[in-house]
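Novice: My file is model-v9.tsv. It has TSV, C-alpha atoms and all ligand atoms:
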```tsv
chain	number	residue	atom	x	y	z
L	1	MET	CA	-135.99	-155.56	-56.20
L	2	ALA	CA	-135.16	-151.91	-55.71
L	3	SER	CA	-132.05	-150.85	-57.59
L	4	HIS	CA	-131.42	-147.74	-55.49
L	5	ALA	CA	-130.86	-145.75	-58.67
L	6	ILE	CA	-131.51	-142.02	-58.89
L	7	GLU	CA	-133.00	-140.72	-62.12
L	8	VAL	CA	-132.95	-137.00	-62.70
L	9	LYS	CA	-135.36	-136.14	-65.51
L	10	ASN	CA	-135.88	-132.87	-67.37
L	11	LEU	CA	-134.96	-130.95	-64.25
L	12	TYR	CA	-135.06	-127.15	-64.30
L	13	LYS	CA	-134.41	-124.66	-61.55
L	14	ILE	CA	-134.93	-120.97	-62.03
L	15	PHE	CA	-134.17	-118.92	-58.92
L	16	GLY	CA	-136.40	-115.92	-58.32
L	17	PRO	CA	-140.00	-115.22	-57.33
L	18	ARG	CA	-141.55	-115.99	-60.73
L	19	GLY	CA	-139.31	-118.82	-61.90
L	20	ARG	CA	-142.14	-120.82	-63.43
L	21	GLU	CA	-143.10	-118.03	-65.79
L	22	TYR	CA	-139.75	-118.23	-67.51
L	23	ILE	CA	-139.57	-121.97	-68.06
L	24	ASP	CA	-140.83	-121.73	-71.64
L	25	LEU	CA	-138.36	-119.00	-72.52
L	26	VAL	CA	-135.54	-121.14	-71.17
L	27	LYS	CA	-136.88	-124.22	-72.96
L	28	ASN	CA	-136.85	-122.16	-76.14
L	29	GLY	CA	-133.19	-121.38	-75.69
L	30	MET	CA	-132.89	-118.28	-73.53
L	31	SER	CA	-129.42	-118.31	-71.96
L	32	LYS	CA	-128.54	-117.89	-68.31
L	33	ALA	CA	-127.01	-114.47	-69.02
L	34	GLU	CA	-130.07	-113.25	-70.95
L	35	LEU	CA	-132.52	-114.48	-68.31
L	36	ASN	CA	-130.55	-112.63	-65.70
L	37	GLU	CA	-130.24	-109.39	-67.69
L	38	LYS	CA	-133.80	-109.21	-68.99
L	39	HIS	CA	-135.77	-110.73	-66.14
L	40	GLY	CA	-133.52	-110.71	-63.09
L	41	HIS	CA	-133.91	-114.46	-62.55
L	42	VAL	CA	-131.05	-116.91	-62.18
L	43	LEU	CA	-130.97	-120.06	-64.26
L	44	GLY	CA	-129.68	-122.64	-61.79
L	45	LEU	CA	-130.33	-125.82	-63.77
L	46	GLN	CA	-131.63	-126.48	-67.25
L	47	ASP	CA	-132.93	-129.73	-68.66
L	48	ILE	CA	-130.81	-132.01	-66.50
L	49	ASN	CA	-131.12	-135.69	-67.39
L	50	ILE	CA	-128.76	-137.94	-65.48
L	51	SER	CA	-129.27	-141.49	-64.38
L	52	MET	CA	-127.20	-142.30	-61.35
L	53	PRO	CA	-126.93	-146.08	-61.11
L	54	GLY	CA	-127.60	-147.68	-57.75
L	55	GLY	CA	-124.50	-148.86	-55.89
L	56	CYS	CA	-122.21	-146.63	-57.96
L	57	ILE	CA	-120.40	-143.35	-57.44
L	58	THR	CA	-121.69	-140.63	-59.75
L	59	VAL	CA	-119.49	-137.56	-59.77
L	60	VAL	CA	-120.88	-134.17	-60.73
L	61	MET	CA	-118.24	-131.68	-61.69
L	62	GLY	CA	-118.01	-128.23	-63.15
L	63	LEU	CA	-116.70	-124.77	-62.40
L	64	SER	CA	-117.96	-122.58	-59.59
L	65	GLY	CA	-121.52	-121.49	-60.24
L	66	SER	CA	-122.23	-124.26	-62.76
L	67	GLY	CA	-125.07	-125.68	-60.63
L	68	LYS	CA	-123.49	-128.60	-58.77
L	69	SER	CA	-124.82	-127.77	-55.31
L	70	THR	CA	-128.20	-126.85	-56.72
L	71	LEU	CA	-128.40	-130.28	-58.34
L	72	ILE	CA	-127.36	-132.32	-55.30
L	73	ARG	CA	-129.80	-130.38	-53.10
L	74	HIS	CA	-132.65	-131.46	-55.34
L	75	ILE	CA	-131.90	-135.08	-54.53
L	76	ASN	CA	-133.03	-134.71	-50.93
L	77	ARG	CA	-135.24	-131.80	-51.90
L	78	LEU	CA	-133.55	-129.11	-49.93
L	79	ILE	CA	-134.46	-127.27	-53.12
L	80	ASP	CA	-137.76	-127.66	-54.98
L	81	PRO	CA	-137.45	-127.83	-58.75
L	82	THR	CA	-139.12	-125.36	-61.08
L	83	ALA	CA	-139.89	-128.31	-63.37
L	84	GLY	CA	-138.86	-131.94	-63.72
L	85	GLU	CA	-138.47	-135.06	-61.61
L	86	VAL	CA	-135.98	-136.70	-59.28
L	87	LEU	CA	-136.86	-140.38	-59.06
L	88	TYR	CA	-135.46	-142.69	-56.41
L	89	ASP	CA	-136.42	-146.31	-56.94
L	90	GLY	CA	-139.04	-144.93	-59.27
L	91	VAL	CA	-140.66	-142.58	-56.74
L	92	ASP	CA	-140.54	-138.83	-57.42
L	93	VAL	CA	-138.90	-137.17	-54.44
L	94	CYS	CA	-140.33	-133.84	-55.63
L	95	LYS	CA	-143.89	-135.10	-55.14
L	96	MET	CA	-143.48	-136.68	-51.71
L	97	ASN	CA	-145.68	-135.33	-48.95
L	98	GLU	CA	-144.07	-133.86	-45.87
L	99	ASN	CA	-144.10	-137.07	-43.90
L	100	ASP	CA	-142.71	-139.26	-46.70
L	101	LEU	CA	-140.05	-136.66	-47.39
L	102	ARG	CA	-139.00	-136.60	-43.74
L	103	GLN	CA	-138.74	-140.39	-43.72
L	104	PHE	CA	-136.83	-140.36	-46.98
L	105	ARG	CA	-134.34	-137.78	-45.73
L	106	ARG	CA	-133.79	-139.46	-42.41
L	107	HIS	CA	-133.57	-143.05	-43.50
L	108	LYS	CA	-132.45	-143.06	-47.12
L	109	THR	CA	-130.02	-140.17	-47.40
L	110	ALA	CA	-126.95	-138.91	-45.59
L	111	MET	CA	-124.89	-135.85	-46.43
L	112	VAL	CA	-121.20	-135.17	-46.02
L	113	PHE	CA	-120.24	-131.53	-46.18
L	114	GLN	CA	-117.09	-129.62	-47.09
L	115	LYS	CA	-117.02	-127.76	-43.80
L	116	PHE	CA	-117.64	-131.02	-41.92
L	117	ALA	CA	-120.63	-129.48	-40.07
L	118	LEU	CA	-119.66	-131.17	-36.80
L	119	LEU	CA	-121.25	-129.96	-33.59
L	120	PRO	CA	-118.40	-128.30	-31.67
L	121	HIS	CA	-119.65	-129.09	-28.18
L	122	ARG	CA	-120.09	-132.79	-28.94
L	123	ASN	CA	-117.23	-135.25	-28.99
L	124	VAL	CA	-116.55	-137.66	-31.86
L	125	LEU	CA	-118.87	-140.36	-30.56
L	126	GLU	CA	-121.67	-137.90	-29.81
L	127	ASN	CA	-121.33	-136.38	-33.26
L	128	THR	CA	-121.39	-139.80	-34.87
L	129	VAL	CA	-124.58	-140.99	-33.13
L	130	TYR	CA	-126.37	-137.74	-33.95
L	131	GLY	CA	-128.43	-139.07	-36.86
L	132	LEU	CA	-129.56	-142.15	-34.94
L	133	GLU	CA	-130.49	-139.95	-32.01
L	134	ILE	CA	-132.82	-138.00	-34.29
L	135	GLN	CA	-134.27	-141.27	-35.55
L	136	GLY	CA	-134.96	-142.23	-31.95
L	137	VAL	CA	-132.77	-145.33	-32.01
L	138	ASP	CA	-131.96	-146.81	-28.60
L	139	ARG	CA	-128.81	-145.25	-27.12
L	140	ARG	CA	-126.88	-148.44	-26.56
L	141	GLU	CA	-127.61	-149.67	-30.07
L	142	SER	CA	-126.66	-146.25	-31.54
L	143	GLU	CA	-123.33	-146.21	-29.75
L	144	LYS	CA	-122.53	-149.73	-30.82
L	145	ARG	CA	-123.15	-148.88	-34.46
L	146	ALA	CA	-121.30	-145.56	-34.19
L	147	LEU	CA	-118.24	-147.15	-32.59
L	148	GLY	CA	-118.10	-149.67	-35.44
L	149	TRP	CA	-117.97	-146.89	-38.02
L	150	ILE	CA	-115.53	-144.81	-36.00
L	151	GLU	CA	-113.23	-147.80	-36.14
L	152	ARG	CA	-113.81	-148.28	-39.88
L	153	VAL	CA	-112.67	-144.72	-40.61
L	154	SER	CA	-109.58	-145.30	-38.43
L	155	LEU	CA	-110.57	-143.02	-35.55
L	156	LYS	CA	-110.59	-145.64	-32.81
L	157	GLY	CA	-109.19	-144.05	-29.66
L	158	PHE	CA	-110.50	-140.58	-30.57
L	159	GLU	CA	-114.13	-141.16	-29.48
L	160	LYS	CA	-113.90	-138.66	-26.64
L	161	HIS	CA	-112.07	-135.95	-28.60
L	162	TYR	CA	-113.81	-132.74	-29.60
L	163	PRO	CA	-113.76	-131.43	-33.20
L	164	ASN	CA	-111.32	-128.62	-32.38
L	165	GLN	CA	-108.85	-131.24	-31.20
L	166	LEU	CA	-108.84	-132.93	-34.61
L	167	SER	CA	-107.14	-132.15	-37.93
L	168	GLY	CA	-109.27	-131.35	-40.99
L	169	GLY	CA	-108.80	-134.87	-42.34
L	170	MET	CA	-109.87	-136.39	-39.04
L	171	GLN	CA	-112.91	-134.14	-38.86
L	172	GLN	CA	-113.88	-135.26	-42.33
L	173	ARG	CA	-113.55	-138.88	-41.17
L	174	VAL	CA	-116.03	-138.07	-38.40
L	175	GLY	CA	-118.35	-136.56	-41.01
L	176	LEU	CA	-118.11	-139.77	-43.00
L	177	ALA	CA	-118.61	-142.00	-39.94
L	178	ARG	CA	-121.68	-139.98	-39.00
L	179	ALA	CA	-123.11	-140.36	-42.50
L	180	LEU	CA	-122.40	-144.10	-42.57
L	181	THR	CA	-123.86	-144.68	-39.11
L	182	ASN	CA	-127.22	-143.56	-40.52
L	183	ASP	CA	-127.06	-146.62	-42.76
L	184	ALA	CA	-128.61	-144.63	-45.60
L	185	GLU	CA	-128.64	-146.00	-49.12
L	186	ILE	CA	-127.76	-142.64	-50.65
L	187	LEU	CA	-124.66	-140.70	-49.74
L	188	LEU	CA	-124.59	-137.07	-50.88
L	189	MET	CA	-121.15	-135.49	-50.80
L	190	ASP	CA	-120.88	-131.83	-51.82
L	191	GLU	CA	-117.21	-130.90	-52.23
L	192	ALA	CA	-116.63	-133.08	-49.19
L	193	TYR	CA	-112.89	-133.25	-49.73
L	194	SER	CA	-112.20	-129.86	-51.29
L	195	ALA	CA	-110.97	-128.22	-48.10
L	196	LEU	CA	-108.42	-130.94	-47.36
L	197	ASP	CA	-104.69	-130.88	-48.09
L	198	PRO	CA	-103.85	-132.82	-51.27
L	199	LEU	CA	-102.33	-135.86	-49.53
L	200	ILE	CA	-105.10	-136.12	-46.96
L	201	ARG	CA	-107.58	-135.71	-49.75
L	202	VAL	CA	-106.18	-138.69	-51.63
L	203	ASP	CA	-106.29	-140.65	-48.35
L	204	MET	CA	-109.96	-139.84	-47.94
L	205	GLN	CA	-110.66	-140.87	-51.52
L	206	THR	CA	-109.07	-144.21	-50.71
L	207	VAL	CA	-111.21	-144.55	-47.57
L	208	LEU	CA	-114.33	-143.94	-49.63
L	209	LEU	CA	-113.31	-146.35	-52.40
L	210	ASP	CA	-112.45	-149.09	-49.90
L	211	LEU	CA	-115.73	-148.70	-48.06
L	212	GLN	CA	-117.69	-148.52	-51.28
L	213	GLN	CA	-116.36	-151.87	-52.48
L	214	GLU	CA	-118.26	-153.43	-49.66
L	215	LEU	CA	-121.14	-150.99	-49.02
L	216	LYS	CA	-122.21	-150.29	-52.60
L	217	LYS	CA	-124.11	-147.13	-51.73
L	218	THR	CA	-125.55	-144.83	-54.33
L	219	VAL	CA	-123.06	-142.00	-53.95
L	220	VAL	CA	-123.39	-138.56	-55.51
L	221	PHE	CA	-120.05	-136.83	-55.19
L	222	ILE	CA	-119.45	-133.24	-56.17
L	223	THR	CA	-116.06	-131.87	-56.99
L	224	HIS	CA	-114.40	-129.31	-59.21
L	225	ASP	CA	-111.27	-131.45	-59.39
L	226	LEU	CA	-110.98	-133.68	-62.44
L	227	ASP	CA	-108.38	-136.01	-60.93
L	228	GLU	CA	-110.71	-136.64	-58.02
L	229	ALA	CA	-113.64	-137.16	-60.40
L	230	LEU	CA	-111.69	-139.67	-62.46
L	231	ARG	CA	-110.45	-141.54	-59.43
L	232	LEU	CA	-113.84	-141.84	-57.75
L	233	GLY	CA	-116.46	-141.73	-60.45
L	234	ASP	CA	-118.01	-144.82	-61.96
L	235	LYS	CA	-119.81	-142.18	-63.92
L	236	ILE	CA	-119.11	-138.48	-64.36
L	237	ALA	CA	-121.45	-135.67	-65.39
L	238	ILE	CA	-119.98	-132.29	-66.27
L	239	LEU	CA	-122.09	-129.17	-65.82
L	240	ARG	CA	-121.72	-125.77	-67.34
L	241	ASP	CA	-124.11	-122.85	-66.80
L	242	GLY	CA	-126.64	-125.19	-65.27
L	243	GLY	CA	-126.66	-127.70	-68.13
L	244	VAL	CA	-124.99	-131.07	-68.63
L	245	VAL	CA	-122.29	-130.76	-71.27
L	246	GLN	CA	-121.15	-134.37	-71.12
L	247	GLN	CA	-121.70	-137.51	-69.10
L	248	GLY	CA	-120.08	-140.91	-69.23
L	249	THR	CA	-117.24	-142.89	-67.74
L	250	GLY	CA	-113.99	-141.09	-67.01
L	251	GLN	CA	-112.40	-142.90	-69.91
L	252	GLU	CA	-115.14	-141.84	-72.32
L	253	ILE	CA	-114.77	-138.23	-71.30
L	254	VAL	CA	-110.98	-138.19	-71.50
L	255	LEU	CA	-110.87	-140.02	-74.83
L	256	SER	CA	-113.63	-138.05	-76.52
L	257	PRO	CA	-114.32	-134.74	-74.81
L	258	ALA	CA	-117.59	-133.29	-76.10
L	259	ASP	CA	-116.39	-129.72	-76.64
L	260	ASP	CA	-113.60	-127.22	-76.08
L	261	TYR	CA	-114.65	-126.61	-72.48
L	262	ILE	CA	-114.15	-130.26	-71.61
L	263	THR	CA	-111.06	-130.57	-73.80
L	264	ALA	CA	-109.52	-127.80	-71.69
L	265	PHE	CA	-110.52	-129.69	-68.54
L	266	VAL	CA	-109.01	-133.00	-69.60
L	267	LYS	CA	-105.85	-131.66	-71.24
L	268	GLU	CA	-103.66	-132.10	-68.20
L	269	VAL	CA	-105.07	-135.46	-67.17
L	270	ASN	CA	-102.79	-138.40	-66.57
L	271	ARG	CA	-104.27	-140.69	-69.21
L	272	GLY	CA	-102.22	-143.59	-67.89
L	273	ARG	CA	-104.53	-143.68	-64.89
L	274	VAL	CA	-107.74	-143.45	-66.88
L	275	VAL	CA	-107.46	-145.34	-70.16
L	276	HIS	CA	-107.91	-149.13	-70.00
L	277	VAL	CA	-105.79	-151.67	-71.86
L	278	ASP	CA	-108.88	-153.10	-73.53
L	279	THR	CA	-109.47	-149.76	-75.26
L	280	LEU	CA	-106.12	-150.04	-77.07
L	281	MET	CA	-105.73	-153.79	-77.53
L	282	ARG	CA	-105.67	-155.36	-80.99
L	283	PRO	CA	-107.34	-158.65	-81.93
L	284	LEU	CA	-105.48	-161.80	-80.97
L	285	SER	CA	-103.58	-163.49	-83.75
L	286	GLY	CA	-102.39	-166.92	-82.80
L	287	SER	CA	-101.95	-167.98	-79.19
L	288	PRO	CA	-101.80	-165.32	-76.48
L	289	GLU	CA	-98.31	-164.06	-75.67
L	290	GLY	CA	-96.71	-162.63	-72.56
L	291	LEU	CA	-98.52	-161.84	-69.34
L	292	PRO	CA	-102.29	-161.81	-68.86
L	293	LEU	CA	-103.73	-158.39	-67.97
L	294	PRO	CA	-107.32	-158.23	-66.69
L	295	ALA	CA	-109.63	-156.07	-68.85
L	296	GLY	CA	-110.03	-152.73	-67.11
L	297	THR	CA	-106.36	-152.49	-66.12
L	298	VAL	CA	-105.24	-148.89	-66.59
L	299	LEU	CA	-102.24	-148.20	-68.84
L	300	GLU	CA	-99.96	-147.06	-66.05
L	301	ALA	CA	-100.49	-150.27	-64.06
L	302	ALA	CA	-100.01	-152.37	-67.19
L	303	ALA	CA	-96.77	-150.57	-68.04
L	304	ARG	CA	-95.52	-151.10	-64.51
L	305	THR	CA	-96.34	-154.81	-64.58
L	306	MET	CA	-94.77	-155.32	-68.00
L	307	THR	CA	-91.58	-153.39	-67.37
L	308	GLY	CA	-91.25	-155.13	-63.99
L	309	ALA	CA	-91.43	-158.49	-65.74
L	310	HIS	CA	-89.12	-157.31	-68.60
L	311	ILE	CA	-91.63	-158.20	-71.28
L	312	ASN	CA	-92.95	-156.21	-74.23
L	313	THR	CA	-96.15	-158.04	-75.04
L	314	ALA	CA	-99.18	-159.02	-73.03
L	315	HIS	CA	-102.69	-160.28	-73.63
L	316	VAL	CA	-105.89	-158.93	-72.15
L	317	VAL	CA	-108.23	-161.39	-70.43
L	318	ASP	CA	-111.92	-161.05	-69.56
L	319	ALA	CA	-113.44	-161.69	-66.13
L	320	ALA	CA	-113.46	-165.43	-66.81
L	321	GLY	CA	-109.75	-165.38	-67.70
L	322	ARG	CA	-110.35	-165.86	-71.45
L	323	PRO	CA	-107.89	-164.00	-73.73
L	324	ILE	CA	-109.69	-161.24	-75.66
L	325	GLY	CA	-106.87	-159.24	-77.23
L	326	ALA	CA	-103.18	-158.44	-77.39
L	327	ILE	CA	-101.21	-155.33	-76.49
L	328	ASP	CA	-97.56	-154.28	-76.48
L	329	LEU	CA	-95.63	-151.84	-74.36
L	330	GLN	CA	-95.15	-149.40	-77.23
L	331	THR	CA	-98.91	-149.02	-77.71
L	332	ILE	CA	-99.37	-148.56	-73.98
L	333	ILE	CA	-96.79	-145.81	-73.76
L	334	ALA	CA	-98.16	-144.05	-76.83
L	335	GLY	CA	-101.61	-144.20	-75.24
L	336	MET	CA	-100.36	-142.49	-72.11
L	337	VAL	CA	-99.27	-139.41	-74.05
L	338	SER	CA	-102.08	-136.91	-74.47
L	339	PRO	CA	-102.95	-135.96	-78.05
L	340	ALA	CA	-103.72	-132.50	-76.62
L	341	SER	CA	-99.97	-131.80	-76.73
L	342	ASP	CA	-100.16	-132.03	-80.56
L	343	SER	CA	-102.70	-129.24	-80.80
L	344	GLY	CA	-100.62	-127.25	-78.34
L	345	ASP	CA	-97.64	-127.60	-80.68
L	346	ARG	CA	-99.73	-126.56	-83.64
L	347	GLN	CA	-100.91	-123.48	-81.84
L	348	ALA	CA	-97.35	-122.58	-80.88
L	349	ALA	CA	-96.18	-122.98	-84.48
O	401	LIG	N1	-130.77	-119.37	-53.49
O	401	LIG	C1	-130.33	-118.87	-54.64
O	401	LIG	N2	-130.88	-117.75	-55.17
O	401	LIG	C2	-130.45	-117.26	-56.35
O	401	LIG	N3	-129.48	-117.82	-57.09
O	401	LIG	C3	-128.90	-118.93	-56.62
O	401	LIG	C4	-129.28	-119.53	-55.37
O	401	LIG	N4	-128.52	-120.62	-55.16
O	401	LIG	C5	-127.71	-120.70	-56.23
O	401	LIG	N5	-127.92	-119.70	-57.09
O	401	LIG	C6	-127.25	-119.50	-58.39
O	401	LIG	O1	-127.34	-120.70	-59.13
O	401	LIG	C7	-126.14	-120.96	-59.85
O	401	LIG	C8	-125.57	-122.30	-59.43
O	401	LIG	O2	-125.13	-122.22	-58.07
O	401	LIG	P1	-124.52	-123.46	-57.31
O	401	LIG	O3	-124.34	-123.06	-55.90
O	401	LIG	O4	-125.36	-124.65	-57.59
O	401	LIG	O5	-123.11	-123.62	-58.04
O	401	LIG	P2	-121.93	-124.64	-57.72
O	401	LIG	O6	-121.62	-125.33	-59.00
O	401	LIG	O7	-122.25	-125.46	-56.54
O	401	LIG	O8	-120.73	-123.63	-57.39
O	401	LIG	P3	-119.51	-123.76	-56.32
O	401	LIG	O9	-118.47	-124.62	-57.01
O	401	LIG	O10	-119.04	-122.36	-56.18
O	401	LIG	O11	-120.05	-124.37	-55.07
O	401	LIG	C9	-125.23	-119.79	-59.56
O	401	LIG	O12	-125.35	-118.88	-60.61
O	401	LIG	C10	-125.78	-119.23	-58.26
O	401	LIG	O13	-125.52	-117.85	-58.17
O	402	MG	MG	-121.41	-125.67	-54.63
```
Go through the file and emit its structure as structure tokens.
Specialist:
Amino acid sequence: MASHAIEVKNLYKIFGPRGREYIDLVKNGMSKAELNEKHGHVLGLQDINISMPGGCITVVMGLSGSGKSTLIRHINRLIDPTAGEVLYDGVDVCKMNENDLRQFRRHKTAMVFQKFALLPHRNVLENTVYGLEIQGVDRRESEKRALGWIERVSLKGFEKHYPNQLSGGMQQRVGLARALTNDAEILLMDEAYSALDPLIRVDMQTVLLDLQQELKKTVVFITHDLDEALRLGDKIAILRDGGVVQQGTGQEIVLSPADDYITAFVKEVNRGRVVHVDTLMRPLSGSPEGLPLPAGTVLEAAARTMTGAHINTAHVVDAAGRPIGAIDLQTIIAGMVSPASDSGDRQAA
């Protein structure tokens, strides 16, 4: 059975008319700055290897210019690579012929954009059916599907409104409904929420997480916001200068940042929302005490549960409810405090 995974392998992109000629120089270590100075070509991506598991949200983050958009555009081949592969269910998207590529784009992928990209002269319903219209799906069937998704993103009653009558958050809901109506397995979201106000943005993250629980799409989500990455990402890849500097779960990245660049990124993170109780638990000695906490509970939620119940000890249980470790409130609170503050103190001293 197809897993709907995306595998990016040894992917390079050098922008400029003779990109291919410089691949070997880049493979031998020429930096982005040097390539630009000496040869006037821009290193967009270098040796990207990321496996994006099917049914999961993979977040790509990094500063402006680090290559995020370039990477996501390779997945539906809006950009051709200079070298490397982008496999979807084992098939290299970069080698598809025109017809296969058109089918792949139309039926397997949907994009959600930062600027919403709604058609201004079409109302919400007409915008939402757009993809199905292109696919040539029967009008009545298209509208039925579109109305279902409009309802799922809480826009019922706004079907006849035009984009300029909607707030940014509502427009982004239309963008999402339009993408979902396509029924594509892959959802590509490039800074989809970056233009939204913070509260609306968190709302939209919740909408996506709720839908994803049921839909299990292969989502590639780009952001430059670490809190958003940690909230959404089953997996996170961090880019710098076109290369991957670290990839892993949010917890892995926060607990062991690969270098100073990432350490700086994760310094201000609320670890209580990222670190799991099972990371800090100690082996059970004797019978389990206190409340059971499911493995995967984040520290903040555990602390809230334990203080609410006025208890200091708890045990962690696996998916089957079997006790696998013990933890106390003290350990949890210590774990919520970032060790980065120590180094800050040292620097100040
Ligand atoms: N068509 C192009 N021609 C030349 N250089 C390009 C082109 N597209 C992107 N680049 C360069 O490739 C690098 C990566 O750009 P990209 O747009 O992928 O960054 P990004 O991480 O998405 O940034 P942002 O957060 O600002 O959207 C940058 O140095 C950019 O200038
Ligand atoms: Mg971008």
Novice: Quick one: of L:Pro283, L:Pro288, L:Gly175, L:Gly40, who's nearest to L:Tyr22, counting all atoms listed in the file?
Specialist: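 Smallest separation from L:Tyr22 among the options: L:Gly40.
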Novice: Restrict the calculation to all atoms listed in the file, then for each residue of chain L with any atom at most 6 Å from an atom of ligand LIG 401 (chain O) give the closest atom pair and their distance in Å to one decimal, rows by chain and rising residue number, as CSV.
Specialist:
```
residue,atom,partner,partner_atom,distance
L:Phe15,CA,O:LIG401,C2,4.8
L:Val42,CA,O:LIG401,N3,5.4
L:Gly44,CA,O:LIG401,O1,4.0
L:Leu63,CA,O:LIG401,O9,5.7
L:Ser64,CA,O:LIG401,O9,3.3
L:Gly65,CA,O:LIG401,O5,3.5
L:Ser66,CA,O:LIG401,O6,4.0
L:Gly67,CA,O:LIG401,O4,3.2
L:Lys68,CA,O:LIG401,O6,3.8
L:Ser69,CA,O:LIG401,O7,3.7
L:Thr70,CA,O:LIG401,O4,3.7
```
Novice: Please list as a PyMOL selection string every residue within 7 Å of L:Val86, counting only C-alpha atoms and excluding residues in the same chain fewer than 2 positions away.
Specialist: chain L and resi 6-9+75+88+92-94
Novice: Just to confirm, what's the straight-line distance from atom CA of L:Leu230 to atom CA of L:Thr249 in Å (one decimal)?
Specialist: 8.3 Å
Novice: Between atom CA of L:Tyr162 and atom CA of L:Ala184, what is the distance, to one decimal in Å?
Specialist: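 Computing the Euclidean distance for atom CA of L:Tyr162 and atom CA of L:Ala184 yields 24.8 Å.
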Novice: I need the residue nearest ligand MG 402 (chain O) from this list: L:Ile72, L:Met170, L:Leu78, L:Val26. Use only C-alpha atoms and all ligand atoms for the distance.
Specialist: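 Ranked by minimum distance to ligand MG 402 (chain O), first place goes to L:Ile72.
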Novice: Within 10 Å of L:Ala117, counting all atoms listed in the file, which residues show up once you throw out same-chain ones fewer than 6 positions away? Write them as a PyMOL selection string, please.
Specialist: chain L and resi 111+127+163+171-172+174-175
Novice: Write out as a compact mmCIF listing (two decimals) with C-alpha atoms, keeping the file's coordinate frame the residues lying within 12 Å of L:Gly169, counting all atoms listed in the file and excluding same-chain residues fewer than 2 positions away.
Specialist:
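Result file follows (out-v5.txt):
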```
# COMPACT_ATOMS: atom_id res chain seq x y z
CA GLN L 114 -117.09 -129.62 -47.09
CA LYS L 115 -117.02 -127.76 -43.80
CA PHE L 116 -117.64 -131.02 -41.92
CA VAL L 153 -112.67 -144.72 -40.61
CA SER L 154 -109.58 -145.30 -38.43
CA LEU L 155 -110.57 -143.02 -35.55
CA PRO L 163 -113.76 -131.43 -33.20
CA GLN L 165 -108.85 -131.24 -31.20
CA LEU L 166 -108.84 -132.93 -34.61
CA SER L 167 -107.14 -132.15 -37.93
CA GLN L 171 -112.91 -134.14 -38.86
CA GLN L 172 -113.88 -135.26 -42.33
CA ARG L 173 -113.55 -138.88 -41.17
CA VAL L 174 -116.03 -138.07 -38.40
CA GLY L 175 -118.35 -136.56 -41.01
CA LEU L 176 -118.11 -139.77 -43.00
CA ALA L 192 -116.63 -133.08 -49.19
CA TYR L 193 -112.89 -133.25 -49.73
CA SER L 194 -112.20 -129.86 -51.29
CA ALA L 195 -110.97 -128.22 -48.10
CA LEU L 196 -108.42 -130.94 -47.36
CA ASP L 197 -104.69 -130.88 -48.09
CA PRO L 198 -103.85 -132.82 -51.27
CA LEU L 199 -102.33 -135.86 -49.53
CA ILE L 200 -105.10 -136.12 -46.96
CA ARG L 201 -107.58 -135.71 -49.75
CA VAL L 202 -106.18 -138.69 -51.63
CA ASP L 203 -106.29 -140.65 -48.35
CA MET L 204 -109.96 -139.84 -47.94
CA GLN L 205 -110.66 -140.87 -51.52
CA VAL L 207 -111.21 -144.55 -47.57
```
Novice: What is the distance, in Å and to one decimal place, between atom CA of L:Thr223 and atom CA of L:Tyr261?
Specialist: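 Between these atoms lies a distance of 16.4 Å.
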Novice: Using only C-alpha atoms and all ligand atoms, find the one residue out of L:Leu226, L:Ala295, L:Ala301, L:Leu71 that sits nearest to ligand MG 402 (chain O).
Specialist: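 Using only C-alpha atoms and all ligand atoms, ligand MG 402 (chain O) sits closest to L:Leu71.
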